[in-house]
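**Student:** To start, I am sharing the structure in question, which I have written as structure tokens.
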Amino acid sequence: MTRKDWFYLFLTSFGLILAYPPFPTGFMAFMALVPFFFFIRKKTLKEVLLGSYIAALIWSTGTVYWIGWATVAGAIGTLIVYPIYFVLFALLLHWTLKFWGEKAFWMTPVIWTAIEMITASGQLAFPWNIIGYSQSYYRYPIQFASLTGVYGISIWIILINVLFYQVLKHRKGKFSRYIFSLIVLYLVPWIHGLFALPENRPEINRTVALIQGNIDPRKKWTPAFIDSNFVIYHDLTEQSHRFSPDLIIWPETATPCYLRYRYSYLQKVKDQIDSLNVPLLTGTPDYVWIDENHFAVYNAALLLRPKSWEVELYYKQNLVPFSERVPFVDQIPFLYNLAARMDLDIGSYAPGHSTGIFSINPGTTNAFRFSTIICFESVFPYLVRKFMANGAQFLVIITNDGWFGNTAGPYQHAQMAIFRAIENRTWIARCANTGISMFIDPSGKVVSRTRLNQKSTLVHQIGLQDNRSFFNRHGEWIIYIVYGEFLIILIMTAVKSVLSKYLKIRHS
């Protein structure tokens, strides 16, 4: 490959890196693939394989490097495997270019988005670098996510990339037509956003307190620090009481013990919430006996009510592959023993299955309902939508991004929650151990937030939403359209390939 080829690849890689948080330069996403389009024309299969893998490796390293702060083995595995999705996109584009010529670039939005959807499927799902997330700092143009979800934003971005490519390639002839199309396609979502912002005037509000302990996750699990951990949360919770909250929230695994089974700690927590007369939602590990010799461990959210020993639990369903659980371990049990022998430090959490809703003061005038999403689950639109469709009036996200230090990871994760708010037109209360804790309104506006690595109590009034967005009512309908068009593209290209070979044979 030539120097120009490598220049194109590096432009795409660094353009994609700069498009994601914490960089406020999401506009780079609209042009980042253009150099790659110029690169891939008339390239051999070997050049496409090599070039796309290297470009994706640079891109992945620049966006998900922070995994290495928690697990070096996990980071290495991710950086080896994750670029394969981009390679698959490149191979499909190369294949379609071979038989459709320049027309194939118009198929790019469907091919790209279909690959993104594949990254969100199965036990290896890790839909982190969805290109739609690059626009989280621009509230107005992403309002149509309430119709299409984040994948609709991805289609829009890739289509604009294609138009930019056409503008640069056709500097004469169709130039003005493409410029006009580009301007219209870019402006329409902005104009729609100006009129689509929901009125944030709910008749009923509830005051919610988020407790950000800012505790080193590696330190808090040491036996000597457990008491200090509870003291920190006790003191911050007492500070929140002056705002008269209706609900207090602690982050993911805020209690470094099986709280339901450690009576001394459970009693201290109960004494406090009984005194404050406020329900508490906390992240905690939990376990359930399956039989006399086996039990399942869960990453859980536990709701404690004042003046009652009744508890409600939610168990995390989507577990982080190679961190909280070994993928396919139920189908291939020896994989867990293999990971243990390799000292990969992978958890053995079991996935939950319930999509229940937490109810506070049911049957009273002070009643409200909410759903809880734990950490990694917040990157899955279908799961959040399922909870909200079941009757939740707002969403709680509890997370512990402290494993990733002062890197891009916590910022990227926090910004993704903006899309969940817009998609479902709901308030979100996001409580993180070391940050970033925040309140997001149904338009995606962050109305209050903490800094990273800050011990803090964040309190805000949030509205109870019973109105449902189009996305919330109808789900990820766009998936069926994208997969349908993707299948048509594959079939048509395959047919054209067969016909081409047949005609060559007949001609010879």
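In the structure tokens, the first chain shown is A, the next is B, and so on; residue numbers restart at 1 for each chain, and ligands run from 1 in the order shown.
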If we count only C-alpha atoms and set the cut-off at 7 Å, which residues sit around A:Val162, ignoring sequence neighbours fewer than 3 positions away in its own chain? Please answer as a list in words.

**Tutor:**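 Residues near the query, excluding close chain neighbours: Phe105, Trp106, Ile158, Leu159, Tyr165 and Gln166 of chain A.
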
**Student:** Which residues, written as a PyMOL selection string, have at least one atom at most 10 Å from A:Phe376, with only C-alpha atoms counted and residues fewer than 2 positions away on the same chain left out?

**Tutor:** chain A and resi 126-128+316-320+373-374+378-380+397-401+413

**Student:** Can you write out the residues you just picked, keeping N, CA and C atoms, as a tab-separated table (two decimals), in the first residue's frame?

**Tutor:**
chain	number	residue	atom	x	y	z
A	126	PHE	N	-20.93	-6.38	22.95
A	126	PHE	CA	-20.20	-5.24	23.50
A	126	PHE	C	-20.43	-4.05	22.58
A	127	PRO	N	-21.65	-3.50	22.59
A	127	PRO	CA	-22.01	-2.43	21.64
A	127	PRO	C	-21.54	-1.06	22.13
A	128	TRP	N	-20.24	-0.90	22.22
A	128	TRP	CA	-19.70	0.32	22.82
A	128	TRP	C	-19.45	1.42	21.79
A	316	LYS	N	-28.91	-8.32	37.84
A	316	LYS	CA	-28.39	-7.86	36.55
A	316	LYS	C	-28.47	-8.98	35.51
A	317	GLN	N	-28.98	-8.63	34.34
A	317	GLN	CA	-29.19	-9.62	33.29
A	317	GLN	C	-28.06	-9.67	32.27
A	318	ASN	N	-27.65	-8.52	31.77
A	318	ASN	CA	-26.58	-8.47	30.76
A	318	ASN	C	-25.24	-8.26	31.46
A	319	LEU	N	-24.48	-9.32	31.56
A	319	LEU	CA	-23.20	-9.29	32.27
A	319	LEU	C	-22.06	-8.98	31.30
A	320	VAL	N	-21.04	-8.32	31.82
A	320	VAL	CA	-19.89	-7.94	30.98
A	320	VAL	C	-19.10	-9.20	30.62
A	373	ILE	N	-31.44	-0.26	36.24
A	373	ILE	CA	-30.49	-0.86	35.30
A	373	ILE	C	-29.11	-0.80	35.96
A	374	ILE	N	-28.37	-1.89	35.86
A	374	ILE	CA	-27.07	-1.96	36.52
A	374	ILE	C	-25.94	-1.86	35.48
A	378	SER	N	-26.97	-0.46	30.69
A	378	SER	CA	-27.48	0.81	30.16
A	378	SER	C	-27.08	1.05	28.72
A	379	VAL	N	-26.22	0.20	28.13
A	379	VAL	CA	-25.84	0.38	26.74
A	379	VAL	C	-26.74	-0.43	25.81
A	380	PHE	N	-27.75	-1.11	26.35
A	380	PHE	CA	-28.65	-1.92	25.55
A	380	PHE	C	-30.03	-1.27	25.48
A	397	ILE	N	-30.13	4.24	37.02
A	397	ILE	CA	-28.93	3.51	36.61
A	397	ILE	C	-27.94	3.55	37.75
A	398	ILE	N	-27.51	2.39	38.22
A	398	ILE	CA	-26.46	2.35	39.23
A	398	ILE	C	-25.23	1.71	38.59
A	399	THR	N	-24.07	2.28	38.86
A	399	THR	CA	-22.86	1.79	38.20
A	399	THR	C	-21.65	2.03	39.08
A	400	ASN	N	-20.58	1.34	38.76
A	400	ASN	CA	-19.30	1.55	39.42
A	400	ASN	C	-18.23	1.62	38.35
A	401	ASP	N	-17.97	2.83	37.86
A	401	ASP	CA	-16.94	3.02	36.84
A	401	ASP	C	-15.58	3.31	37.45
A	413	HIS	N	-19.46	6.15	29.13
A	413	HIS	CA	-20.58	5.41	29.74
A	413	HIS	C	-21.68	6.37	30.18

**Student:** List the neighbours of stretch 112-116 of chain A out to 12 Å using only C-alpha atoms; skip same-chain residues closer than 3 positions along the sequence, and give me the result as an NGL selection string.

**Tutor:** :A and (33 or 82-93 or 105-109 or 119-121 or 125-133 or 150-159 or 161-162 or 380 or 478-487 or 489-490)

**Student:** Can I get the selection written as a PDB file, in the first residue's frame, with C-alpha atoms?

**Tutor:**
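Below is the file that was written, out18.pdb:
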ATOM      1  CA  LEU A  33     -15.221   7.381   7.111  1.00  0.00           C
ATOM      2  CA  TYR A  82     -13.246  -5.967  18.466  1.00  0.00           C
ATOM      3  CA  PRO A  83     -11.635  -4.756  15.183  1.00  0.00           C
ATOM      4  CA  ILE A  84     -13.017  -7.839  13.429  1.00  0.00           C
ATOM      5  CA  TYR A  85     -16.440  -6.167  13.224  1.00  0.00           C
ATOM      6  CA  PHE A  86     -14.963  -3.282  11.221  1.00  0.00           C
ATOM      7  CA  VAL A  87     -13.093  -5.770   9.042  1.00  0.00           C
ATOM      8  CA  LEU A  88     -16.408  -7.511   8.358  1.00  0.00           C
ATOM      9  CA  PHE A  89     -17.905  -4.168   7.316  1.00  0.00           C
ATOM     10  CA  ALA A  90     -14.905  -3.505   5.049  1.00  0.00           C
ATOM     11  CA  LEU A  91     -15.107  -6.938   3.434  1.00  0.00           C
ATOM     12  CA  LEU A  92     -18.813  -6.553   2.699  1.00  0.00           C
ATOM     13  CA  LEU A  93     -18.246  -3.085   1.257  1.00  0.00           C
ATOM     14  CA  PHE A 105     -21.447   3.298  -1.230  1.00  0.00           C
ATOM     15  CA  TRP A 106     -25.173   4.042  -0.949  1.00  0.00           C
ATOM     16  CA  MET A 107     -25.551   0.638   0.708  1.00  0.00           C
ATOM     17  CA  THR A 108     -23.022   1.627   3.369  1.00  0.00           C
ATOM     18  CA  PRO A 109     -25.509   2.970   5.996  1.00  0.00           C
ATOM     19  CA  THR A 119     -22.088  -6.301  18.055  1.00  0.00           C
ATOM     20  CA  ALA A 120     -25.072  -5.945  20.424  1.00  0.00           C
ATOM     21  CA  SER A 121     -26.155  -9.573  20.062  1.00  0.00           C
ATOM     22  CA  ALA A 125     -22.229  -8.417  23.001  1.00  0.00           C
ATOM     23  CA  PHE A 126     -20.200  -5.240  23.498  1.00  0.00           C
ATOM     24  CA  PRO A 127     -22.006  -2.425  21.639  1.00  0.00           C
ATOM     25  CA  TRP A 128     -19.698   0.320  22.824  1.00  0.00           C
ATOM     26  CA  ASN A 129     -18.430   2.050  19.689  1.00  0.00           C
ATOM     27  CA  ILE A 130     -21.884   2.577  18.192  1.00  0.00           C
ATOM     28  CA  ILE A 131     -21.275   5.656  16.051  1.00  0.00           C
ATOM     29  CA  GLY A 132     -24.601   7.203  17.063  1.00  0.00           C
ATOM     30  CA  TYR A 133     -23.215   7.746  20.571  1.00  0.00           C
ATOM     31  CA  VAL A 150     -29.625   5.187  18.635  1.00  0.00           C
ATOM     32  CA  TYR A 151     -29.331   3.102  15.445  1.00  0.00           C
ATOM     33  CA  GLY A 152     -31.315   5.716  13.557  1.00  0.00           C
ATOM     34  CA  ILE A 153     -28.616   8.228  14.499  1.00  0.00           C
ATOM     35  CA  SER A 154     -25.977   5.832  13.153  1.00  0.00           C
ATOM     36  CA  ILE A 155     -27.744   5.563   9.785  1.00  0.00           C
ATOM     37  CA  TRP A 156     -27.929   9.363   9.583  1.00  0.00           C
ATOM     38  CA  ILE A 157     -24.211   9.772  10.329  1.00  0.00           C
ATOM     39  CA  ILE A 158     -23.067   7.178   7.806  1.00  0.00           C
ATOM     40  CA  LEU A 159     -25.333   8.594   5.103  1.00  0.00           C
ATOM     41  CA  ASN A 161     -20.332  10.401   5.293  1.00  0.00           C
ATOM     42  CA  VAL A 162     -21.419   8.985   1.945  1.00  0.00           C
ATOM     43  CA  PHE A 380     -28.653  -1.921  25.550  1.00  0.00           C
ATOM     44  CA  ILE A 478     -35.653  -0.210  12.784  1.00  0.00           C
ATOM     45  CA  ILE A 479     -33.708  -3.436  13.386  1.00  0.00           C
ATOM     46  CA  TYR A 480     -36.148  -5.379  11.188  1.00  0.00           C
ATOM     47  CA  ILE A 481     -35.840  -2.817   8.391  1.00  0.00           C
ATOM     48  CA  VAL A 482     -32.030  -2.738   8.543  1.00  0.00           C
ATOM     49  CA  TYR A 483     -31.666  -6.515   8.697  1.00  0.00           C
ATOM     50  CA  GLY A 484     -34.222  -6.884   5.903  1.00  0.00           C
ATOM     51  CA  GLU A 485     -32.369  -4.457   3.632  1.00  0.00           C
ATOM     52  CA  PHE A 486     -29.058  -6.026   4.650  1.00  0.00           C
ATOM     53  CA  LEU A 487     -30.346  -9.449   3.586  1.00  0.00           C
ATOM     54  CA  ILE A 489     -28.159  -6.498  -0.381  1.00  0.00           C
ATOM     55  CA  LEU A 490     -26.447  -9.818   0.339  1.00  0.00           C
TER      56      LEU A 490
END

**Student:** Please indicate the distance in Å from atom CA of A:Thr253 to atom CA of A:Thr284, rounded to one decimal place.

**Tutor:** 4.2 Å

**Student:** In terms of the shortest atom-to-atom distance over only C-alpha atoms, which of A:Ser443, A:Thr282, A:Ser136, A:Asn205 is closest to A:Pro245?

**Tutor:**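 Selected residue with least distance to A:Pro245: A:Asn205.
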
**Student:** My list of candidates is A:Ile142, A:Ile462, A:Val297, A:Leu147. Which is closest to A:Ile418 when distances are computed with only C-alpha atoms?

**Tutor:** A:Ile142

**Student:** Would you mind listing what lies within 8 Å of stretch 48-61 of chain A as a list in words, with only C-alpha atoms counted and same-chain residues fewer than 3 positions away left out?

**Tutor:**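 The filter keeps Trp6, Leu9, Phe10, Thr12, Ser13, Phe14, Leu16, Ile17, Ile40, Lys43, Thr44, Leu45, Val64, Tyr65, Leu79, Ile80, Tyr82, Pro83, Ile84, Phe86, Val87, Ala90, Leu91 and His94 of chain A.
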
**Student:** For A:Ile248, which residue among A:Tyr138, A:Phe7, A:Tyr233, A:Trp289 is the nearest when counting only C-alpha atoms?

**Tutor:**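 Closest candidate: A:Tyr233.
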
**Student:** Please identify all polymer residues within 7 Å of A:Leu313, counting only C-alpha atoms, omitting same-chain residues fewer than 3 positions from it, and present them as JSON, numbers by chain.

**Tutor:** {"A": [300, 301, 302, 303]}

**Student:** Just C-alpha atoms for this one: save the residues we selected as a compact mmCIF listing (two decimals), in the first residue's frame.

**Tutor:**
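Just written: again_32.txt:
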# COMPACT_ATOMS: atom_id res chain seq x y z
CA ALA A 300 -28.04 -7.10 42.45
CA ALA A 301 -30.01 -3.97 43.26
CA LEU A 302 -31.79 -4.17 46.60
CA LEU A 303 -34.65 -1.95 47.76

**Student:** If you measure from atom CA of A:Leu194 to atom CA of A:Ile422, what distance in Å do you get, rounded to one decimal?

**Tutor:** 13.9 Å

**Student:** Between atom CA of A:Ala414 and atom CA of A:Ile360, what is the distance in Å, rounded to a tenth?

**Tutor:** 26.1 Å

**Student:** I'd like the contact shell of A:Asp246 - 8 Å cut-off, only C-alpha atoms, skipping same-chain residues fewer than 3 positions apart - returned as a tab-separated table (two decimals) with C-alpha atoms, in the first residue's frame.

**Tutor:**
chain	number	residue	atom	x	y	z
A	206	ARG	CA	-40.30	13.16	43.35
A	207	THR	CA	-37.08	14.18	45.04
A	208	VAL	CA	-34.23	11.70	44.57
A	278	VAL	CA	-36.96	7.14	53.32
A	279	PRO	CA	-36.59	4.04	51.11

**Student:** In stretch 20-176 of chain A, what's alpha helix (DSSP H) per DSSP? Answer as a PyMOL selection string?

**Tutor:** chain A and resi 34-40+45-64+72-81+83-100+108-119+145-148+150-169+175-176
